[in-house]
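Asker: Structure file query.cif, mmCIF, C-alpha atoms (C1' of nucleotides), is pasted below:
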```cif
data_coords
loop_
_atom_site.label_atom_id
_atom_site.label_comp_id
_atom_site.auth_asym_id
_atom_site.auth_seq_id
_atom_site.Cartn_x
_atom_site.Cartn_y
_atom_site.Cartn_z
CA MET A 1 97.12 -95.16 -215.24
CA SER A 2 95.58 -98.15 -216.88
CA ARG A 3 92.77 -100.59 -216.65
CA THR A 4 92.83 -103.01 -213.73
CA LYS A 5 92.57 -106.79 -213.99
CA GLN A 6 89.13 -108.15 -213.42
CA TYR A 7 90.41 -111.41 -211.94
CA LYS A 8 92.97 -112.57 -209.43
CA GLU A 9 95.51 -114.93 -210.96
CA GLN A 10 95.39 -117.05 -207.84
CA ASP A 11 91.65 -117.51 -208.20
CA VAL A 12 91.64 -118.56 -211.84
CA ILE A 13 94.60 -120.92 -211.31
CA GLN A 14 92.64 -122.64 -208.59
CA LYS A 15 89.92 -123.38 -211.13
CA ALA A 16 92.42 -124.42 -213.79
CA MET A 17 93.99 -126.81 -211.31
CA GLY A 18 90.64 -128.51 -210.73
CA LEU A 19 90.21 -129.04 -214.45
CA PHE A 20 93.71 -130.46 -214.92
CA TRP A 21 93.19 -132.65 -211.89
CA ARG A 22 90.01 -134.19 -213.27
CA ASN A 23 91.06 -134.46 -216.93
CA GLY A 24 94.84 -134.56 -217.13
CA TYR A 25 97.07 -132.23 -219.09
CA GLU A 26 96.53 -133.17 -222.74
CA ALA A 27 92.80 -133.77 -222.38
CA THR A 28 92.35 -130.23 -221.05
CA SER A 29 92.11 -127.76 -223.93
CA VAL A 30 92.65 -124.02 -223.76
CA ARG A 31 88.97 -123.59 -224.69
CA MET A 32 88.00 -125.64 -221.66
CA LEU A 33 90.35 -123.58 -219.52
CA GLU A 34 88.70 -120.40 -220.81
CA LYS A 35 85.30 -121.53 -219.62
CA GLU A 36 86.47 -122.93 -216.30
CA MET A 37 88.72 -120.01 -215.43
CA GLY A 38 86.07 -117.55 -216.55
CA ILE A 39 88.53 -115.47 -218.54
CA ASN A 40 89.38 -115.10 -222.20
CA GLN A 41 92.30 -116.76 -223.98
CA PHE A 42 94.05 -113.41 -224.26
CA SER A 43 94.04 -113.07 -220.48
CA ILE A 44 95.25 -116.62 -220.03
CA TYR A 45 98.19 -116.11 -222.34
CA SER A 46 99.05 -112.66 -221.01
CA SER A 47 99.02 -113.93 -217.42
CA PHE A 48 100.68 -117.32 -217.84
CA GLY A 49 102.41 -117.31 -221.22
CA ASN A 50 101.06 -120.58 -222.52
CA LYS A 51 99.16 -123.70 -221.54
CA HIS A 52 102.31 -125.13 -220.01
CA GLY A 53 102.57 -122.03 -217.82
CA VAL A 54 99.01 -122.47 -216.59
CA PHE A 55 99.83 -126.06 -215.74
CA ILE A 56 103.01 -125.25 -213.82
CA GLU A 57 101.10 -122.74 -211.72
CA SER A 58 98.36 -125.31 -211.22
CA ILE A 59 100.89 -127.77 -209.87
CA LYS A 60 102.12 -125.14 -207.42
CA ALA A 61 98.54 -124.43 -206.39
CA TYR A 62 98.04 -128.15 -205.88
CA LYS A 63 100.97 -128.24 -203.49
CA SER A 64 99.43 -125.42 -201.46
CA GLU A 65 96.12 -127.20 -201.47
CA LEU A 66 97.80 -130.30 -200.15
CA ASN A 67 99.38 -128.33 -197.32
CA SER A 68 96.23 -128.83 -195.29
CA ILE A 69 96.96 -132.52 -194.85
CA ARG A 70 100.72 -132.20 -195.13
CA ASN A 71 100.85 -129.91 -192.14
CA ILE A 72 98.99 -132.47 -190.07
CA LEU A 73 101.77 -134.93 -190.82
CA LYS A 74 104.40 -132.26 -190.23
CA ASN A 75 103.07 -131.62 -186.74
CA SER A 76 102.51 -135.25 -185.90
CA ASN A 77 104.82 -137.02 -183.46
CA ASN A 78 103.33 -140.48 -183.42
CA GLY A 79 105.84 -141.93 -185.88
CA ILE A 80 104.30 -144.43 -188.22
CA VAL A 81 100.81 -143.78 -186.89
CA GLY A 82 100.92 -140.24 -188.24
CA ILE A 83 101.94 -141.49 -191.66
CA LYS A 84 99.06 -143.93 -191.69
CA GLN A 85 96.74 -141.06 -190.87
CA PHE A 86 98.26 -139.16 -193.81
CA PHE A 87 97.30 -142.02 -196.12
CA TYR A 88 93.71 -141.81 -194.91
CA ASP A 89 93.75 -138.02 -195.08
CA PHE A 90 94.95 -138.26 -198.66
CA LEU A 91 92.07 -140.58 -199.53
CA GLU A 92 89.64 -138.03 -198.19
CA PHE A 93 91.53 -135.22 -199.92
CA THR A 94 91.28 -136.89 -203.31
CA ARG A 95 87.65 -137.89 -203.10
CA GLU A 96 85.34 -136.36 -205.68
CA ASN A 97 82.12 -138.33 -206.01
CA GLU A 98 82.03 -142.06 -206.02
CA VAL A 99 85.56 -142.15 -207.36
CA GLY A 100 88.68 -140.19 -206.43
CA LYS A 101 90.85 -137.90 -208.52
CA GLY A 102 94.16 -139.31 -207.38
CA CYS A 103 97.18 -137.12 -206.76
CA LEU A 104 97.65 -134.48 -209.46
CA VAL A 105 101.41 -134.92 -209.36
CA CYS A 106 101.16 -138.71 -209.64
CA ASN A 107 98.63 -138.39 -212.43
CA THR A 108 101.01 -136.11 -214.28
CA LEU A 109 103.97 -138.41 -213.74
CA SER A 110 101.89 -141.17 -215.23
CA GLU A 111 100.63 -139.17 -218.18
CA LEU A 112 103.85 -137.46 -219.22
CA GLY A 113 106.34 -139.93 -217.79
CA ASN A 114 109.85 -138.75 -218.49
CA LYS A 115 108.65 -136.66 -221.43
CA ALA A 116 107.71 -133.76 -219.17
CA GLU A 117 109.66 -130.58 -219.78
CA PRO A 118 112.55 -129.97 -217.38
CA ASP A 119 110.93 -127.22 -215.32
CA LEU A 120 107.79 -129.28 -214.85
CA MET A 121 109.76 -132.41 -214.07
CA LEU A 122 111.69 -130.48 -211.44
CA GLU A 123 108.45 -129.38 -209.82
CA LEU A 124 107.14 -132.95 -209.79
CA MET A 125 110.34 -134.38 -208.37
CA MET A 126 110.53 -131.71 -205.68
CA PHE A 127 107.07 -132.72 -204.59
CA THR A 128 107.80 -136.42 -204.25
CA ASP A 129 111.06 -135.66 -202.47
CA GLU A 130 109.23 -133.46 -199.97
CA ILE A 131 106.73 -136.19 -199.22
CA ARG A 132 109.51 -138.71 -198.88
CA SER A 133 111.42 -136.43 -196.49
CA LEU A 134 108.30 -136.02 -194.43
CA PHE A 135 107.99 -139.79 -194.19
CA ILE A 136 111.60 -140.06 -193.07
CA TYR A 137 111.09 -137.32 -190.49
CA ASN A 138 108.17 -139.19 -189.00
CA LEU A 139 109.83 -142.59 -189.17
CA LYS A 140 112.76 -141.18 -187.20
CA GLN A 141 110.42 -140.55 -184.29
CA ASP A 142 110.95 -144.22 -183.51
CA GLU A 143 114.48 -143.97 -182.18
CA ASN A 144 114.97 -147.71 -182.14
CA LYS A 145 114.68 -147.89 -185.88
CA LYS A 146 117.91 -148.75 -187.67
CA VAL A 147 119.06 -146.47 -190.47
CA GLU A 148 119.08 -149.31 -192.97
CA LEU A 149 115.45 -150.19 -192.33
CA LEU A 150 114.42 -146.55 -192.23
CA LYS A 151 115.64 -146.01 -195.77
CA LYS A 152 113.83 -149.11 -196.99
CA GLU A 153 110.61 -148.10 -195.30
CA ALA A 154 110.77 -144.61 -196.76
CA ASN A 155 111.19 -146.05 -200.23
CA PHE A 156 108.37 -148.47 -199.56
CA LEU A 157 105.99 -145.78 -198.39
CA THR A 158 106.82 -143.45 -201.26
CA THR A 159 106.02 -146.07 -203.89
CA SER A 160 103.00 -147.13 -201.85
CA MET A 161 101.64 -143.61 -202.22
CA LEU A 162 101.79 -144.04 -205.99
CA GLY A 163 99.63 -147.12 -205.61
CA LEU A 164 97.22 -145.33 -203.33
CA SER A 165 96.94 -142.47 -205.80
CA LEU A 166 96.02 -144.64 -208.74
CA GLY A 167 93.98 -146.94 -206.53
CA SER A 168 91.89 -144.03 -205.31
CA ARG A 169 90.75 -143.48 -208.88
CA VAL A 170 89.76 -147.02 -209.78
CA GLN A 171 89.13 -149.01 -206.63
CA ASN A 172 86.40 -149.01 -204.04
CA GLN A 173 86.64 -147.82 -200.46
CA ASN A 174 86.81 -151.31 -199.01
CA GLN A 175 89.70 -152.30 -201.23
CA LEU A 176 91.59 -149.12 -200.38
CA GLU A 177 91.10 -149.59 -196.66
CA ASP A 178 92.43 -153.13 -196.89
CA TYR A 179 95.39 -151.72 -198.74
CA ILE A 180 96.24 -149.07 -196.17
CA GLU A 181 95.76 -151.46 -193.26
CA MET A 182 98.12 -153.94 -194.86
CA VAL A 183 100.71 -151.30 -195.74
CA PHE A 184 100.91 -150.30 -192.10
CA PHE A 185 100.50 -153.75 -190.72
CA LYS A 186 103.86 -154.50 -192.14
CA VAL A 187 105.84 -151.37 -191.41
CA MET B 1 89.25 -163.84 -256.17
CA SER B 2 90.83 -160.63 -255.02
CA ARG B 3 93.98 -159.02 -253.87
CA THR B 4 95.46 -160.40 -250.63
CA LYS B 5 96.45 -158.34 -247.58
CA GLN B 6 100.10 -157.45 -247.42
CA TYR B 7 100.20 -157.52 -243.64
CA LYS B 8 99.06 -159.72 -240.79
CA GLU B 9 96.77 -157.88 -238.40
CA GLN B 10 98.48 -159.59 -235.48
CA ASP B 11 101.85 -158.21 -236.58
CA VAL B 12 100.79 -154.61 -237.01
CA ILE B 13 98.86 -154.63 -233.73
CA GLN B 14 102.00 -155.76 -231.97
CA LYS B 15 103.72 -152.63 -233.25
CA ALA B 16 100.75 -150.41 -232.40
CA MET B 17 100.77 -151.80 -228.88
CA GLY B 18 104.38 -150.78 -228.43
CA LEU B 19 103.56 -147.24 -229.47
CA PHE B 20 100.56 -146.97 -227.16
CA TRP B 21 102.61 -148.46 -224.38
CA ARG B 22 105.34 -145.86 -224.71
CA ASN B 23 103.15 -142.81 -225.40
CA GLY B 24 99.69 -143.44 -224.03
CA TYR B 25 96.42 -143.33 -225.95
CA GLU B 26 95.83 -139.64 -226.64
CA ALA B 27 99.46 -138.83 -227.36
CA THR B 28 99.55 -141.49 -230.06
CA SER B 29 98.17 -140.10 -233.33
CA VAL B 30 96.91 -142.06 -236.29
CA ARG B 31 99.82 -140.65 -238.31
CA MET B 32 102.24 -142.11 -235.80
CA LEU B 33 100.38 -145.41 -235.94
CA GLU B 34 100.69 -145.39 -239.74
CA LYS B 35 104.46 -145.14 -239.58
CA GLU B 36 104.90 -147.60 -236.74
CA MET B 37 102.51 -150.20 -238.12
CA GLY B 38 103.95 -149.78 -241.60
CA ILE B 39 100.53 -149.57 -243.23
CA ASN B 40 98.37 -146.79 -244.56
CA GLN B 41 95.46 -145.15 -242.76
CA PHE B 42 93.01 -146.81 -245.09
CA SER B 43 94.28 -150.22 -244.04
CA ILE B 44 94.18 -149.27 -240.37
CA TYR B 45 90.56 -148.17 -240.60
CA SER B 46 89.45 -151.08 -242.77
CA SER B 47 91.04 -153.57 -240.38
CA PHE B 48 90.19 -152.03 -237.02
CA GLY B 49 87.40 -149.51 -237.61
CA ASN B 50 88.92 -146.60 -235.77
CA LYS B 51 91.70 -145.59 -233.41
CA HIS B 52 89.73 -146.97 -230.49
CA GLY B 53 89.57 -150.33 -232.27
CA VAL B 54 93.32 -150.38 -232.72
CA PHE B 55 93.72 -149.66 -229.03
CA ILE B 56 91.33 -152.38 -227.89
CA GLU B 57 93.24 -154.91 -229.97
CA SER B 58 96.48 -153.55 -228.57
CA ILE B 59 95.24 -154.15 -225.04
CA LYS B 60 94.40 -157.74 -225.99
CA ALA B 61 97.85 -158.14 -227.51
CA TYR B 62 99.33 -156.77 -224.30
CA LYS B 63 97.57 -159.45 -222.31
CA SER B 64 99.03 -162.13 -224.55
CA GLU B 65 102.46 -160.56 -224.22
CA LEU B 66 102.11 -160.67 -220.45
CA ASN B 67 101.25 -164.37 -220.57
CA SER B 68 104.96 -165.17 -220.53
CA ILE B 69 105.28 -164.03 -216.93
CA ARG B 70 101.70 -164.78 -215.95
CA ASN B 71 102.15 -168.44 -216.80
CA ILE B 72 105.15 -168.61 -214.52
CA LEU B 73 102.92 -167.48 -211.66
CA LYS B 74 100.14 -169.78 -212.81
CA ASN B 75 102.44 -172.78 -212.58
CA SER B 76 104.07 -171.72 -209.35
CA ASN B 77 103.27 -173.56 -206.13
CA ASN B 78 105.40 -171.65 -203.67
CA GLY B 79 102.59 -169.46 -202.41
CA ILE B 80 103.72 -165.93 -201.66
CA VAL B 81 107.20 -166.61 -202.98
CA GLY B 82 105.81 -167.08 -206.47
CA ILE B 83 103.95 -163.78 -206.26
CA LYS B 84 107.09 -162.00 -205.22
CA GLN B 85 108.83 -163.50 -208.23
CA PHE B 86 105.98 -162.18 -210.37
CA PHE B 87 106.65 -158.66 -209.11
CA TYR B 88 110.29 -158.99 -210.13
CA ASP B 89 109.34 -160.60 -213.43
CA PHE B 90 107.03 -157.68 -214.10
CA LEU B 91 109.85 -155.21 -213.46
CA GLU B 92 111.95 -157.00 -216.03
CA PHE B 93 108.99 -157.22 -218.40
CA THR B 94 108.38 -153.48 -218.28
CA ARG B 95 111.98 -152.38 -218.66
CA GLU B 96 112.78 -150.32 -221.72
CA ASN B 97 116.04 -148.44 -221.33
CA GLU B 98 116.98 -146.70 -218.15
CA VAL B 99 113.31 -146.30 -217.27
CA GLY B 100 110.37 -148.69 -217.51
CA LYS B 101 107.15 -148.43 -219.47
CA GLY B 102 104.87 -149.52 -216.64
CA CYS B 103 101.85 -151.73 -217.22
CA LEU B 104 99.86 -150.72 -220.31
CA VAL B 105 96.58 -151.46 -218.54
CA CYS B 106 97.57 -149.43 -215.47
CA ASN B 107 98.81 -146.60 -217.66
CA THR B 108 95.47 -146.58 -219.44
CA LEU B 109 93.50 -146.66 -216.21
CA SER B 110 95.47 -143.64 -215.11
CA GLU B 111 95.10 -141.75 -218.36
CA LEU B 112 91.43 -142.36 -219.04
CA GLY B 113 90.24 -143.01 -215.50
CA ASN B 114 86.55 -143.73 -215.50
CA LYS B 115 86.11 -141.89 -218.80
CA ALA B 116 87.11 -144.94 -220.82
CA GLU B 117 84.40 -146.31 -223.07
CA PRO B 118 82.51 -149.31 -221.69
CA ASP B 119 84.07 -151.98 -223.89
CA LEU B 120 87.56 -150.73 -223.08
CA MET B 121 86.78 -150.43 -219.39
CA LEU B 122 85.53 -154.02 -219.41
CA GLU B 123 88.79 -155.16 -220.94
CA LEU B 124 90.79 -153.26 -218.32
CA MET B 125 88.74 -154.57 -215.42
CA MET B 126 88.92 -158.14 -216.67
CA PHE B 127 92.66 -157.82 -216.68
CA THR B 128 92.97 -156.61 -213.10
CA ASP B 129 90.49 -159.23 -211.94
CA GLU B 130 92.53 -161.95 -213.59
CA ILE B 131 95.70 -160.79 -211.86
CA ARG B 132 93.87 -160.57 -208.56
CA SER B 133 92.49 -164.09 -208.98
CA LEU B 134 95.95 -165.34 -209.70
CA PHE B 135 97.18 -163.77 -206.48
CA ILE B 136 94.37 -165.44 -204.56
CA TYR B 137 95.13 -168.77 -206.17
CA ASN B 138 98.74 -168.54 -205.06
CA LEU B 139 97.93 -167.22 -201.60
CA LYS B 140 95.68 -170.22 -201.04
CA GLN B 141 98.68 -172.47 -201.39
CA ASP B 142 99.33 -171.62 -197.76
CA GLU B 143 96.55 -173.69 -196.22
CA ASN B 144 96.96 -172.12 -192.79
CA LYS B 145 95.92 -168.75 -194.11
CA LYS B 146 92.56 -167.56 -192.86
CA VAL B 147 89.99 -166.43 -195.42
CA GLU B 148 89.72 -162.99 -193.87
CA LEU B 149 93.44 -162.31 -194.21
CA LEU B 150 93.58 -163.84 -197.65
CA LYS B 151 91.08 -161.32 -198.96
CA LYS B 152 92.98 -158.43 -197.41
CA GLU B 153 96.27 -159.63 -198.79
CA ALA B 154 94.82 -160.01 -202.27
CA ASN B 155 93.53 -156.45 -202.14
CA PHE B 156 96.86 -155.28 -200.83
CA LEU B 157 98.83 -156.97 -203.57
CA THR B 158 96.53 -155.74 -206.32
CA THR B 159 96.90 -152.12 -205.31
CA SER B 160 100.61 -152.69 -204.74
CA MET B 161 100.90 -153.69 -208.39
CA LEU B 162 99.52 -150.27 -209.33
CA GLY B 163 102.31 -148.70 -207.32
CA LEU B 164 104.91 -150.95 -208.91
CA SER B 165 103.63 -150.07 -212.37
CA LEU B 166 103.90 -146.32 -211.89
CA GLY B 167 107.05 -146.72 -209.84
CA SER B 168 108.73 -148.63 -212.66
CA ARG B 169 108.37 -145.54 -214.83
CA VAL B 170 109.74 -142.92 -212.48
CA GLN B 171 111.89 -144.58 -209.83
CA ASN B 172 115.30 -146.20 -209.88
CA GLN B 173 116.08 -149.87 -209.52
CA ASN B 174 117.23 -149.56 -205.92
CA GLN B 175 114.03 -147.85 -204.82
CA LEU B 176 111.92 -150.46 -206.59
CA GLU B 177 113.80 -153.34 -205.01
CA ASP B 178 113.33 -151.83 -201.57
CA TYR B 179 109.65 -151.56 -202.39
CA ILE B 180 109.21 -155.17 -203.44
CA GLU B 181 111.23 -156.47 -200.51
CA MET B 182 109.07 -154.51 -198.08
CA VAL B 183 105.84 -155.59 -199.76
CA PHE B 184 106.80 -159.22 -199.22
CA PHE B 185 108.58 -158.76 -195.91
CA LYS B 186 105.59 -159.89 -193.88
CA VAL B 187 102.93 -161.22 -196.20
"C1'" DA C 1 87.89 -83.48 -219.19
"C1'" DA C 2 91.95 -85.36 -221.75
"C1'" DT C 3 95.55 -88.76 -222.03
"C1'" DG C 4 97.85 -93.07 -222.15
"C1'" DA C 5 98.56 -97.70 -220.81
"C1'" DA C 6 96.90 -101.98 -219.86
"C1'" DA C 7 92.87 -105.38 -220.13
"C1'" DC C 8 89.28 -107.08 -222.70
"C1'" DT C 9 86.60 -109.06 -226.92
"C1'" DA C 10 86.35 -111.77 -230.78
"C1'" DA C 11 87.94 -113.17 -235.02
"C1'" DG C 12 91.28 -115.85 -237.12
"C1'" DC C 13 96.10 -117.75 -237.77
"C1'" DG C 14 98.58 -122.24 -239.22
"C1'" DT C 15 98.77 -126.99 -237.76
"C1'" DT C 16 97.19 -131.35 -236.34
"C1'" DT C 17 93.49 -134.29 -235.11
"C1'" DG C 18 90.52 -138.64 -236.46
"C1'" DC C 19 88.55 -140.19 -240.43
"C1'" DT C 20 86.92 -140.62 -245.60
"C1'" DT C 21 87.05 -141.19 -250.44
"C1'" DA C 22 88.26 -141.30 -255.40
"C1'" DG C 23 91.27 -143.67 -258.42
"C1'" DG C 24 94.72 -147.00 -259.48
"C1'" DT C 25 96.75 -151.83 -258.47
"C1'" DA C 26 97.20 -156.67 -257.71
"C1'" DA C 27 95.64 -161.32 -257.17
"C1'" DT C 28 92.20 -164.99 -257.74
"C1'" DA C 29 88.31 -167.47 -260.17
"C1'" DT C 30 86.48 -168.36 -264.39
"C1'" DA D 1 93.32 -164.00 -270.92
"C1'" DT D 2 89.76 -161.67 -268.69
"C1'" DA D 3 86.64 -160.25 -265.19
"C1'" DT D 4 85.99 -159.44 -260.51
"C1'" DT D 5 86.88 -158.19 -256.05
"C1'" DA D 6 89.38 -156.46 -252.44
"C1'" DC D 7 93.57 -153.83 -251.24
"C1'" DC D 8 96.59 -149.86 -251.49
"C1'" DT D 9 97.99 -144.92 -252.39
"C1'" DA D 10 97.38 -140.31 -251.61
"C1'" DA D 11 94.75 -136.40 -251.39
"C1'" DG D 12 91.49 -134.10 -248.65
"C1'" DC D 13 87.52 -133.45 -245.27
"C1'" DA D 14 85.61 -130.84 -241.05
"C1'" DA D 15 86.72 -130.01 -236.45
"C1'" DA D 16 89.72 -128.97 -232.73
"C1'" DC D 17 94.25 -127.81 -231.29
"C1'" DG D 18 97.55 -123.97 -229.14
"C1'" DC D 19 98.27 -119.40 -229.89
"C1'" DT D 20 98.06 -114.41 -231.96
"C1'" DT D 21 96.36 -110.05 -233.16
"C1'" DA D 22 93.51 -106.05 -234.55
"C1'" DG D 23 90.21 -103.23 -232.52
"C1'" DT D 24 87.63 -101.62 -228.41
"C1'" DT D 25 86.87 -100.57 -223.55
"C1'" DT D 26 88.15 -99.31 -219.03
"C1'" DC D 27 90.47 -96.82 -215.52
"C1'" DA D 28 94.40 -94.32 -212.95
"C1'" DT D 29 96.89 -90.28 -213.77
"C1'" DT D 30 97.42 -85.57 -215.25
#
```
Could you show the structure in this file as structure tokens?

Answerer:
Amino acid sequence: MSRTKQYKEQDVIQKAMGLFWRNGYEATSVRMLEKEMGINQFSIYSSFGNKHGVFIESIKAYKSELNSIRNILKNSNNGIVGIKQFFYDFLEFTRENEVGKGCLVCNTLSELGNKAEPDLMLELMMFTDEIRSLFIYNLKQDENKKVELLKKEANFLTTSMLGLSLGSRVQNQNQLEDYIEMVFFKV
Amino acid sequence: MSRTKQYKEQDVIQKAMGLFWRNGYEATSVRMLEKEMGINQFSIYSSFGNKHGVFIESIKAYKSELNSIRNILKNSNNGIVGIKQFFYDFLEFTRENEVGKGCLVCNTLSELGNKAEPDLMLELMMFTDEIRSLFIYNLKQDENKKVELLKKEANFLTTSMLGLSLGSRVQNQNQLEDYIEMVFFKV
DNA sequence: AATGAAACTAAGCGTTTGCTTAGGTAATAT
DNA sequence: ATATTACCTAAGCAAACGCTTAGTTTCATT
């Protein structure tokens, strides 16, 4: 018995996510979100509460978006080879034009550091933990690997992803390929 | 034949740098700079032109600050061992309280990406090139190393520093040590 | 067709942003 | 001592920020 929404929240969040991904949180204004999402500020605030709310939902949308390449790793059973493929898949995933957009979660960790609000920080930490677990799962496919080394390698790969994320935004393809090859030369 | 400045530009820039380092560029307002630098907005603008000018000088001050650990690497002749020490020195250099501040240049690259103004971008790129050159210089101390591998390793270490920088801000000491040990396990 | 509830538009709220400027102050050269 | 010149204080500028709200439109239900 009332007017129906002229947009799907999922659709407009997808667009908001792209904007946050390219510009970061602070550099993305609500006016910019209006234009990109194609809806008015009233609708933004009634659907998501505030800018922070739009961002949280954008982070969740980013996770879903990343599922495409995460599932490849999830279904891989080549051990370290699958993880290496994930690194390359991520590079492709992040590519925009000449330069990449990095990982939205890593970008956010860098921008807000430990000043992120608790609910956002939780979301960010959950993400990195999931990636890390996925690395461990794949590393375990080599049954000869000792537990001690496995832990070290998981930590190594997790931090290496941070480097790849930032690298994808400022370094050229050749440099990034050298990086990935060396990361997995050593593991 | 006029009034003398009540502050040294070098001193106030040092304080500005600290603020930018902790908060990033956008999240640091001119009002905050006023308080931290201990001088009035008029003085800030007459000395440095605008906020961007303060930041450029802060980046330069950061480079000088980093000279303490860069000179150690410059004077090292242990090849890869010296570079590994540099990674650890950097961790110590970046430490604030429980969590690190990362590398100001890396933080800026992440925040502004390729949207940084040309003069700033030049300053940032010069910095990373200098670090990279220093890595190459130290890698060459192993005369058996082939040119092909040397280039790859330099690229690897440069991107690895990006990971260490972001890692220092969000990961614990144990994780970071595992990371460094793995980076230098085979190089 | 009339009703009522939710969605939309657009104007505007108070605050903060980077930056400027008028007026008073202090230090040096004569 | 006085004049001169640059520095400092503090108030204020327009624009942009996140967010709200009054007024209108739309549509499912009766």

Asker: Give as a list in words the residues that the PyMOL selection byres ((chain D) within 9 of (chain B)) matches when applied to the coordinates above.

Answerer: DT4, DT5, DA6, DC7, DC8 and DT9 of chain D

Asker: What does the distance from atom CA of B:Lys145 to atom CA of A:Leu176 come to in Å, to one decimal?

Answerer: 21.1 Å

Asker: Spell out the residues picked by the PyMOL selection byres ((chain C) within 7 of (chain A)) here, as a VMD selection string.

Answerer: chain C and resid 5 to 7

Asker: State, in Å with one decimal place, the distance from atom CA of B:Lys146 to atom CA of A:Phe86.

Answerer: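 Answer for the atom CA of B:Lys146 to atom CA of A:Phe86 separation: 29.0 Å.
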
Asker: What does the distance between atom C1' of C:DC8 and atom C1' of D:DT25 come to in Å, to one decimal place?

Answerer: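 Pair atom C1' of C:DC8 / atom C1' of D:DT25 returns 7.0 Å.
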
Asker: With a cut-off of 8 Å, could you pull out the residues of chain A touching chain B and give me the nearest pair of atoms for each, distance in Å to one decimal, using all atoms listed in the file, ordered by chain and ascending number, as a tab-separated table?

Answerer:
```
residue	atom	partner	partner_atom	distance
A:Gly24	CA	B:Glu111	CA	7.3
A:Glu26	CA	B:Glu26	CA	7.6
A:Ala27	CA	B:Glu26	CA	7.9
A:Asn107	CA	B:Ser110	CA	6.7
A:Leu109	CA	B:Val170	CA	7.4
A:Ser110	CA	B:Leu166	CA	6.5
A:Glu111	CA	B:Glu111	CA	6.1
A:Gly113	CA	B:Arg169	CA	6.7
A:Asn114	CA	B:Val170	CA	7.3
A:Lys152	CA	B:Asp178	CA	5.4
A:Glu153	CA	B:Met182	CA	7.2
A:Asn155	CA	B:Gln175	CA	5.7
A:Phe156	CA	B:Tyr179	CA	4.4
A:Leu157	CA	B:Tyr179	CA	7.9
A:Thr159	CA	B:Gly163	CA	5.7
A:Ser160	CA	B:Gly163	CA	5.7
A:Met161	CA	B:Gly163	CA	7.2
A:Leu162	CA	B:Gly163	CA	4.9
A:Gly163	CA	B:Gly163	CA	3.6
A:Leu164	CA	B:Thr159	CA	7.1
A:Leu166	CA	B:Ser110	CA	6.5
A:Gly167	CA	B:Thr159	CA	6.1
A:Arg169	CA	B:Gly113	CA	6.7
A:Val170	CA	B:Gly113	CA	7.0
A:Gln175	CA	B:Asn155	CA	5.7
A:Leu176	CA	B:Asn155	CA	7.8
A:Asp178	CA	B:Lys152	CA	5.4
A:Tyr179	CA	B:Phe156	CA	4.4
A:Ile180	CA	B:Phe156	CA	7.8
A:Met182	CA	B:Phe156	CA	6.2
A:Val183	CA	B:Phe156	CA	7.5
A:Lys186	CA	B:Lys186	CA	5.9
```
